[in-house]
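start04.txt (compact mmCIF, C-alpha atoms)
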# COMPACT_ATOMS: atom_id res chain seq x y z
CA MET A 1 72.39 27.33 9.71
CA LYS A 2 69.54 26.60 12.13
CA LYS A 3 67.64 29.63 10.82
CA LEU A 4 68.09 28.43 7.25
CA ILE A 5 66.75 24.95 8.06
CA ALA A 6 63.85 26.44 10.03
CA GLY A 7 63.05 28.76 7.11
CA ILE A 8 63.04 25.89 4.63
CA ALA A 9 60.81 23.81 6.93
CA LEU A 10 58.43 26.74 7.39
CA PHE A 11 58.26 27.34 3.62
CA GLY A 12 57.57 23.63 3.04
CA THR A 13 54.70 23.77 5.53
CA PHE A 14 53.13 26.71 3.68
CA ALA A 15 53.66 25.00 0.32
CA LEU A 16 51.75 21.94 1.52
CA ALA A 17 49.04 24.02 3.19
CA SER A 18 48.21 25.78 -0.07
CA ALA A 19 47.39 23.24 -2.71
CA GLN A 20 44.75 21.97 -5.07
CA THR A 21 42.10 19.76 -3.45
CA ILE A 22 39.71 17.45 -5.29
CA THR A 23 36.17 16.96 -4.00
CA PHE A 24 33.15 15.24 -5.57
CA ASP A 25 29.43 15.97 -5.31
CA GLN A 26 29.04 12.22 -4.71
CA THR A 27 31.38 9.24 -4.82
CA THR A 28 28.73 6.64 -5.71
CA PHE A 29 26.03 7.03 -8.33
CA ASP A 30 23.17 4.56 -7.91
CA TYR A 31 21.28 4.00 -11.16
CA GLY A 32 18.64 2.02 -9.31
CA THR A 33 16.81 -0.56 -11.44
CA ILE A 34 16.76 0.37 -15.12
CA LYS A 35 15.57 -1.24 -18.34
CA PRO A 36 18.02 -2.82 -20.81
CA ASN A 37 19.39 -0.37 -23.39
CA SER A 38 18.27 2.66 -21.39
CA ASP A 39 20.46 5.75 -21.03
CA GLY A 40 23.55 4.72 -19.09
CA THR A 41 25.14 8.18 -18.93
CA ARG A 42 25.68 9.84 -15.57
CA TYR A 43 27.82 12.79 -14.41
CA PHE A 44 30.04 13.30 -11.39
CA THR A 45 30.87 16.90 -10.45
CA VAL A 46 34.49 17.53 -9.49
CA THR A 47 35.24 20.71 -7.54
CA ASN A 48 38.61 22.25 -6.72
CA THR A 49 38.29 23.31 -3.07
CA GLY A 50 41.97 24.24 -2.87
CA ASP A 51 43.75 27.43 -3.86
CA LYS A 52 45.82 26.19 -6.82
CA PRO A 53 44.68 24.81 -10.21
CA LEU A 54 43.56 21.18 -10.13
CA VAL A 55 44.27 18.91 -13.11
CA VAL A 56 42.46 15.61 -13.62
CA SER A 57 45.14 13.71 -15.54
CA ASN A 58 43.38 10.39 -16.11
CA VAL A 59 40.14 8.54 -15.40
CA LYS A 60 40.16 4.73 -15.65
CA ALA A 61 37.18 2.40 -15.53
CA SER A 62 37.48 -1.07 -14.00
CA CYS A 63 36.11 -2.73 -17.16
CA GLY A 64 35.20 -2.08 -20.78
CA CYS A 65 31.48 -1.81 -20.02
CA THR A 66 32.10 1.56 -18.36
CA THR A 67 33.36 4.52 -20.40
CA PRO A 68 34.50 7.69 -18.63
CA GLU A 69 35.07 11.03 -20.38
CA PHE A 70 36.81 14.01 -18.79
CA LYS A 71 38.70 17.23 -19.49
CA THR A 72 42.36 17.73 -18.72
CA ASP A 73 41.94 21.51 -18.60
CA PRO A 74 42.92 22.91 -15.19
CA ILE A 75 40.04 23.44 -12.77
CA MET A 76 40.65 26.76 -11.09
CA PRO A 77 40.14 27.19 -7.32
CA GLY A 78 36.45 27.20 -6.43
CA LYS A 79 35.42 25.99 -9.91
CA SER A 80 33.92 22.67 -11.00
CA ALA A 81 34.01 20.28 -13.95
CA LYS A 82 32.11 17.14 -14.90
CA ILE A 83 33.25 13.57 -15.40
CA LYS A 84 30.87 11.80 -17.76
CA VAL A 85 30.47 8.08 -17.09
CA GLY A 86 28.64 5.77 -19.43
CA TYR A 87 27.57 2.23 -18.57
CA ASN A 88 26.57 -0.37 -21.18
CA THR A 89 22.96 -1.03 -20.19
CA ALA A 90 22.64 -3.90 -22.69
CA ILE A 91 24.20 -6.14 -20.02
CA ASN A 92 21.47 -7.61 -17.79
CA GLY A 93 21.93 -7.99 -14.05
CA GLY A 94 23.44 -6.10 -11.18
CA PHE A 95 26.59 -4.02 -11.51
CA ASN A 96 28.98 -2.24 -9.17
CA LYS A 97 31.85 -0.62 -11.07
CA MET A 98 34.88 1.28 -9.86
CA ILE A 99 36.29 4.33 -11.64
CA GLU A 100 39.72 5.66 -10.66
CA VAL A 101 40.30 9.42 -10.92
CA PHE A 102 43.93 10.61 -11.01
CA SER A 103 44.76 14.24 -10.29
CA ASN A 104 47.51 16.54 -9.03
CA ASP A 105 45.92 16.73 -5.56
CA PRO A 106 48.92 15.98 -3.31
CA ALA A 107 46.77 14.30 -0.64
CA ASN A 108 44.43 12.38 -2.99
CA SER A 109 46.25 11.80 -6.26
CA ARG A 110 44.07 8.70 -6.80
CA THR A 111 40.40 8.86 -5.87
CA VAL A 112 37.86 6.09 -6.46
CA ILE A 113 34.24 6.72 -7.46
CA TYR A 114 31.58 4.08 -8.14
CA ILE A 115 28.50 3.42 -10.22
CA LYS A 116 26.02 0.71 -9.30
CA GLY A 117 22.59 -0.50 -10.19
CA THR A 118 20.61 -3.28 -11.82
CA VAL A 119 19.59 -3.75 -15.44
CA ASP A 120 16.26 -5.61 -15.49
CA ALA A 121 13.72 -6.01 -18.31
CA ASN A 122 10.94 -5.78 -15.71
CA ALA A 123 12.10 -2.37 -14.44
CA PRO A 124 9.46 0.37 -14.42
CA ASP A 125 9.52 2.84 -17.29
CA PRO A 126 11.64 5.90 -16.51
CA LYS A 127 9.78 9.09 -15.77
CA PRO A 128 9.85 11.58 -18.64
CA LEU A 129 12.40 14.36 -18.29
CA THR A 130 11.16 17.87 -17.59
CA ALA A 131 11.92 20.64 -20.10
CA GLU A 132 14.67 21.91 -17.79
CA GLU A 133 16.23 18.42 -17.50
CA LEU A 134 16.09 17.95 -21.30
CA LYS A 135 17.80 21.31 -21.81
CA ALA A 136 20.53 20.46 -19.27
CA LYS A 137 21.06 17.04 -20.86
CA ALA A 138 21.35 18.52 -24.36
CA LYS A 139 23.81 21.13 -23.10
CA ALA A 140 25.94 18.49 -21.37
CA GLU A 141 25.95 16.26 -24.47
CA LYS A 142 26.94 19.19 -26.69
CA LYS A 143 29.73 20.13 -24.30
CA ALA A 144 30.96 16.51 -24.14
CA ALA A 145 30.96 16.22 -27.94
CA LYS A 146 32.93 19.46 -28.23
CA GLN A 147 35.44 18.17 -25.68
CA ALA A 148 35.75 14.83 -27.48
CA LYS A 149 36.61 16.69 -30.70
CA LYS A 150 39.16 18.76 -28.81
CA VAL A 151 40.80 15.65 -27.31
CA ALA A 152 40.82 13.89 -30.70
CA ALA A 153 42.44 16.91 -32.33
CA ALA A 154 45.13 17.00 -29.63
CA LYS A 155 46.10 13.38 -30.31

Whole structure given in structure tokens:
Amino acid sequence: MKKLIAGIALFGTFALASAQTITFDQTTFDYGTIKPNSDGTRYFTVTNTGDKPLVVSNVKASCGCTTPEFKTDPIMPGKSAKIKVGYNTAINGGFNKMIEVFSNDPANSRTVIYIKGTVDANAPDPKPLTAEELKAKAKAEKKAAKQAKKVAAAK
């Protein structure tokens, strides 16, 4: 009986040691000072640093002025995905918003990320995007639109 209990405990230890693990490229995105009605879209990169598939099951913003978009497709070990966060830049003043990310990571099933910044009419004009940045932005927007269609079709 003791061997059976020890075997179960040992198996449980290995089961917990091998799991999906969520990590972010950053947990706070600082917009800085931006002009009203400027582009409020930013991306957080989620990476699975574990050895089992990671599933982001839900992403909730703290208010209606922040709109997150994400995929529920499993993120395989060592792979990454993006969480798109949009902020309504028509609202003047400072902001500091919380976004909750829910996943199947057993140690961090709820992770909090933040966006912050200031919307000010006197903000300097944004620097023009390079050709590479424009290409990356267009690719990300196309991918997000495709995912939105996929999610809408699933509902």

Which residues, protein or nucleic acid, reach to within 6 Å of (37.8, 18.7, -14.1) in the file's coordinates when using only C-alpha atoms, and can you give that as a PyMOL selection string? chain A and resi 46+56+71+75+81-82

From the options A:Asp51, A:Asp105, A:Asp39, A:Glu100, which residue's atoms come nearest to Lys79 of chain A, counting all atoms listed in the file? A:Asp51

Ranking A:Lys137, A:Thr21, A:Tyr31, A:Ala144 by minimum distance to Phe70 of chain A and counting only C-alpha atoms, which one comes first?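 For Phe70 of chain A, the nearest of the candidates is A:Ala144.
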
Restricting the calculation to all atoms listed in the file: of A:Tyr43, A:Tyr114, A:Phe95, A:Tyr87, which residue gets closest to Glu141 of chain A?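 Residue with the minimum atom-to-atom distance to Glu141 of chain A: A:Tyr43.
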
Counting all atoms listed in the file, figure out which residue out of A:Ala61, A:Thr41, A:Phe24, A:Ile34 gets nearest to Pro124 of chain A.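 So, comparing all the options, the nearest one is A:Ile34.
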
Counting all atoms listed in the file, the residue of A:Ser38, A:Thr28, A:Lys139, A:Arg110 that sits nearest Asn96 of chain A: A:Thr28

For atom CA of Ser80 of chain A and atom CA of Thr49 of chain A, determine how far apart the two atoms are, in Å to one decimal place.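 Going from atom CA of Ser80 of chain A over to atom CA of Thr49 of chain A covers 9.1 Å.
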
What does the structure give for the distance between atom CA of Val59 of chain A and atom CA of Val101 of chain A, in Å to one decimal?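 Between atom CA of Val59 of chain A and atom CA of Val101 of chain A the gap works out to 4.6 Å.
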
Need to verify the contact set: Asn122 of chain A, 10 Å, only C-alpha atoms, exclusion of same-chain residues closer than 5 positions in sequence. Can you return it as number ranges by chain? A: 33-36
